[in-house]
Amino acid sequence: MRQPRLTGPGAGSDKYDILTALAVAGLAVGGHQQVSLMRLMALVTARYNWAQDELAIGQREMAQLWSVDERTAKREVKRLTEAGLLVVLRPGVKGRVAVYRLDLGAICQATEPVWPCVGPDFTDRMSQRHRPVAPAPKVVQVDFGSRQRLPDGVTPWDRARARLAAEDEARFAAWFAGLRLMSDEGGHIRLAAPSRFAATYVATHLRAPLEGALRAEYGPAIRVEVGAQG
């Protein structure tokens, strides 16, 4: 389904909110992901056609805008499209200018963990305006055996989540609440975050509290892997 165009009354606020979400997300992760989000913001502010909901730009122009060579520009576009933030509408082949579109749903999903960093009013606006309505997820009950389940029916993963929530409710809501337990076999705990951005942030900045809570429930000899869903 085609996303609504950000035009008309109130659209200006929507656009600023999108740029704010990208900026705060970039500041949160740092490193190359920060550079990628800054480059995306430069594309949006300099060349995005909001009326047509598309970005038409050649690789040479893109490289010039970013102060990089064309090979770097090509790699960066690949990263942005693989992350789902940019959608290719028409490839730039045979001398044609490539045409892209922002995926507002993907941007919201990727940046949602940092919305509370801006403020509750920002979170409310982004949730109401941009957050896509998703169907109710199918819940699959997985039994990892009696060793993994406590007598009262609460799993070690449930208890680890409770520990994380008790330590810092805001941090839990922003980063840990969306984690899903994929498997916990042989001391290898695999978790899935709702987006690649969230997975990277948790693995980079919040590994210590996460592993501390998991070791308290599963034991010290564990390995923790955090990836993106999908």
# chains A, B, ... in the order shown; residues from 1 in each chain; ligands from 1

call {"tool": "select_by_dssp", "arguments": {"residues": "stretch 2-196 of chain A", "states": "strand (DSSP E)", "output": "ChimeraX atom specification"}}
result
/A:55-57,86-90,98-102,180-185,188-193

call {"tool": "write_last_selection", "arguments": {"atoms": "C-alpha atoms", "output": "short mmCIF file (atom, residue, chain, number, x, y, z; two decimals), in the first residue's frame"}}
result
data_model
loop_
_atom_site.label_atom_id
_atom_site.label_comp_id
_atom_site.auth_asym_id
_atom_site.auth_seq_id
_atom_site.Cartn_x
_atom_site.Cartn_y
_atom_site.Cartn_z
CA LEU A 55 14.03 11.58 -4.62
CA ALA A 56 15.55 11.81 -8.10
CA ILE A 57 19.33 12.07 -8.05
CA LEU A 86 15.17 4.06 1.04
CA VAL A 87 13.15 2.23 -1.60
CA VAL A 88 14.38 2.12 -5.20
CA LEU A 89 11.59 3.16 -7.55
CA ARG A 90 13.73 3.30 -10.68
CA ALA A 98 17.80 6.93 -10.12
CA VAL A 99 14.53 7.58 -8.27
CA TYR A 100 14.02 6.64 -4.62
CA ARG A 101 11.36 6.98 -1.95
CA LEU A 102 11.62 7.20 1.82
CA ARG A 180 12.22 -11.62 21.59
CA LEU A 181 13.84 -14.83 22.76
CA MET A 182 14.56 -16.97 19.69
CA SER A 183 16.45 -19.81 21.39
CA ASP A 184 18.45 -20.59 24.52
CA GLU A 185 20.05 -23.93 23.81
CA HIS A 188 23.77 -19.79 23.56
CA ILE A 189 20.99 -17.23 23.94
CA ARG A 190 19.72 -15.72 20.70
CA LEU A 191 17.59 -12.59 20.91
CA ALA A 192 15.83 -10.69 18.12
CA ALA A 193 15.29 -6.92 18.18
#

call {"tool": "select_by_dssp", "arguments": {"residues": "stretch 17-207 of chain A", "states": "alpha helix (DSSP H)", "output": "ChimeraX atom specification"}}
result
/A:17-29,31-47,59-66,70-82,104-111,115-118,120-129,156-167,169-171,196-205,207

call {"tool": "closest_residue", "arguments": {"among": "A:Val118, A:Leu37, A:Ala46, A:Met126", "to": "A:Phe197", "atoms": "only C-alpha atoms"}}
result
A:Leu37

call {"tool": "closest_residue", "arguments": {"among": "A:Cys117, A:Ala216, A:Ala42, A:Cys108", "to": "A:Ala173", "atoms": "only C-alpha atoms"}}
result
A:Cys117

call {"tool": "atom_distance", "arguments": {"atom1": "atom CA of A:Ala198", "atom2": "atom CA of A:Pro113"}}
result
6.9 Å

call {"tool": "atom_distance", "arguments": {"atom1": "atom CA of A:Leu206", "atom2": "atom CA of A:Ile107"}}
result
21.6 Å

call {"tool": "residues_around", "arguments": {"residues": "A:Phe172", "least_positions_apart": "3", "cutoff": "12 Å", "atoms": "only C-alpha atoms", "output": "ChimeraX atom specification"}}
result
/A:113,116,160-169,175-179,202,206,209-210,213

call {"tool": "atom_distance", "arguments": {"atom1": "atom CA of A:Val24", "atom2": "atom CA of A:Phe122"}}
result
11.9 Å

call {"tool": "residues_around", "arguments": {"residues": "A:Ala221", "least_positions_apart": "3", "cutoff": "12 Å", "atoms": "only C-alpha atoms", "output": "list of chain:residue names"}}
result
A:Gly186, A:Gly187, A:His188, A:Ile189, A:Glu211, A:Gly212, A:Leu214, A:Arg215, A:Ala216, A:Glu217, A:Tyr218, A:Val224

call {"tool": "residues_around", "arguments": {"residues": "A:Ser195", "least_positions_apart": "5", "cutoff": "10 Å", "atoms": "only C-alpha atoms", "output": "list of chain:residue names"}}
result
A:Ala83, A:Ala106, A:Ile107, A:Gln109, A:Ala110, A:Thr111, A:Glu112, A:Pro113, A:Gly178, A:Leu179, A:Thr200, A:Tyr201, A:Gly227, A:Ala228, A:Gln229, A:Gly230

call {"tool": "write_last_selection", "arguments": {"atoms": "C-alpha atoms", "output": "PDB file, in the first residue's frame"}}
result
ATOM      1  CA  ALA A  83      18.100  -1.215   5.806  1.00  0.00           C
ATOM      2  CA  ALA A 106      10.733   1.580   8.171  1.00  0.00           C
ATOM      3  CA  ILE A 107      12.112   4.882   9.459  1.00  0.00           C
ATOM      4  CA  GLN A 109      10.407   1.262  13.190  1.00  0.00           C
ATOM      5  CA  ALA A 110      14.147   1.946  13.144  1.00  0.00           C
ATOM      6  CA  THR A 111      13.975   5.131  15.214  1.00  0.00           C
ATOM      7  CA  GLU A 112      11.151   4.304  17.616  1.00  0.00           C
ATOM      8  CA  PRO A 113      13.517   3.304  20.461  1.00  0.00           C
ATOM      9  CA  GLY A 178      10.898  -5.315  22.102  1.00  0.00           C
ATOM     10  CA  LEU A 179      13.468  -8.111  22.357  1.00  0.00           C
ATOM     11  CA  THR A 200      23.028  -2.686  17.014  1.00  0.00           C
ATOM     12  CA  TYR A 201      22.292  -0.218  19.794  1.00  0.00           C
ATOM     13  CA  GLY A 227      20.106  -9.749  15.868  1.00  0.00           C
ATOM     14  CA  ALA A 228      17.245  -8.149  13.956  1.00  0.00           C
ATOM     15  CA  GLN A 229      13.908  -9.851  13.369  1.00  0.00           C
ATOM     16  CA  GLY A 230      13.199 -11.116   9.894  1.00  0.00           C
TER      17      GLY A 230
END

call {"tool": "residues_around", "arguments": {"residues": "A:Met62", "least_positions_apart": "6", "cutoff": "9 Å", "atoms": "only C-alpha atoms", "output": "VMD selection string"}}
result
chain A and resid 43 68 70 73 to 74

call {"tool": "decode", "arguments": {"residues": "stretch 40-81 of chain A", "atoms": "C-alpha atoms", "output": "compact mmCIF listing (two decimals), in the first residue's frame"}}
result
# COMPACT_ATOMS: atom_id res chain seq x y z
CA LEU A 40 20.23 10.33 4.40
CA MET A 41 19.23 13.56 6.14
CA ALA A 42 21.32 15.56 3.66
CA LEU A 43 19.53 13.88 0.77
CA VAL A 44 16.14 14.62 2.29
CA THR A 45 16.79 18.26 3.12
CA ALA A 46 18.54 19.05 -0.16
CA ARG A 47 16.69 17.04 -2.79
CA TYR A 48 13.57 15.26 -1.58
CA ASN A 49 10.40 16.12 -3.52
CA TRP A 50 7.68 15.84 -0.88
CA ALA A 51 4.89 16.66 -3.33
CA GLN A 52 5.84 13.65 -5.49
CA ASP A 53 7.15 11.66 -2.51
CA GLU A 54 10.35 10.78 -4.32
CA LEU A 55 14.03 11.58 -4.62
CA ALA A 56 15.55 11.81 -8.10
CA ILE A 57 19.33 12.07 -8.05
CA GLY A 58 22.32 10.71 -9.94
CA GLN A 59 25.21 8.93 -8.31
CA ARG A 60 27.64 11.71 -9.22
CA GLU A 61 25.38 14.36 -7.66
CA MET A 62 24.98 12.23 -4.58
CA ALA A 63 28.74 11.81 -4.22
CA GLN A 64 29.23 15.55 -4.57
CA LEU A 65 26.58 16.27 -1.94
CA TRP A 66 28.26 13.89 0.49
CA SER A 67 31.86 14.91 -0.36
CA VAL A 68 32.77 11.32 -1.26
CA ASP A 69 33.65 9.43 -4.42
CA GLU A 70 31.02 7.67 -6.52
CA ARG A 71 32.01 4.22 -5.30
CA THR A 72 31.39 5.27 -1.70
CA ALA A 73 28.06 6.81 -2.70
CA LYS A 74 27.04 3.54 -4.36
CA ARG A 75 27.92 1.55 -1.23
CA GLU A 76 26.03 3.97 0.98
CA VAL A 77 22.88 3.77 -1.11
CA LYS A 78 23.08 0.00 -0.92
CA ARG A 79 23.26 0.17 2.88
CA LEU A 80 20.28 2.54 3.07
CA THR A 81 18.16 0.40 0.75
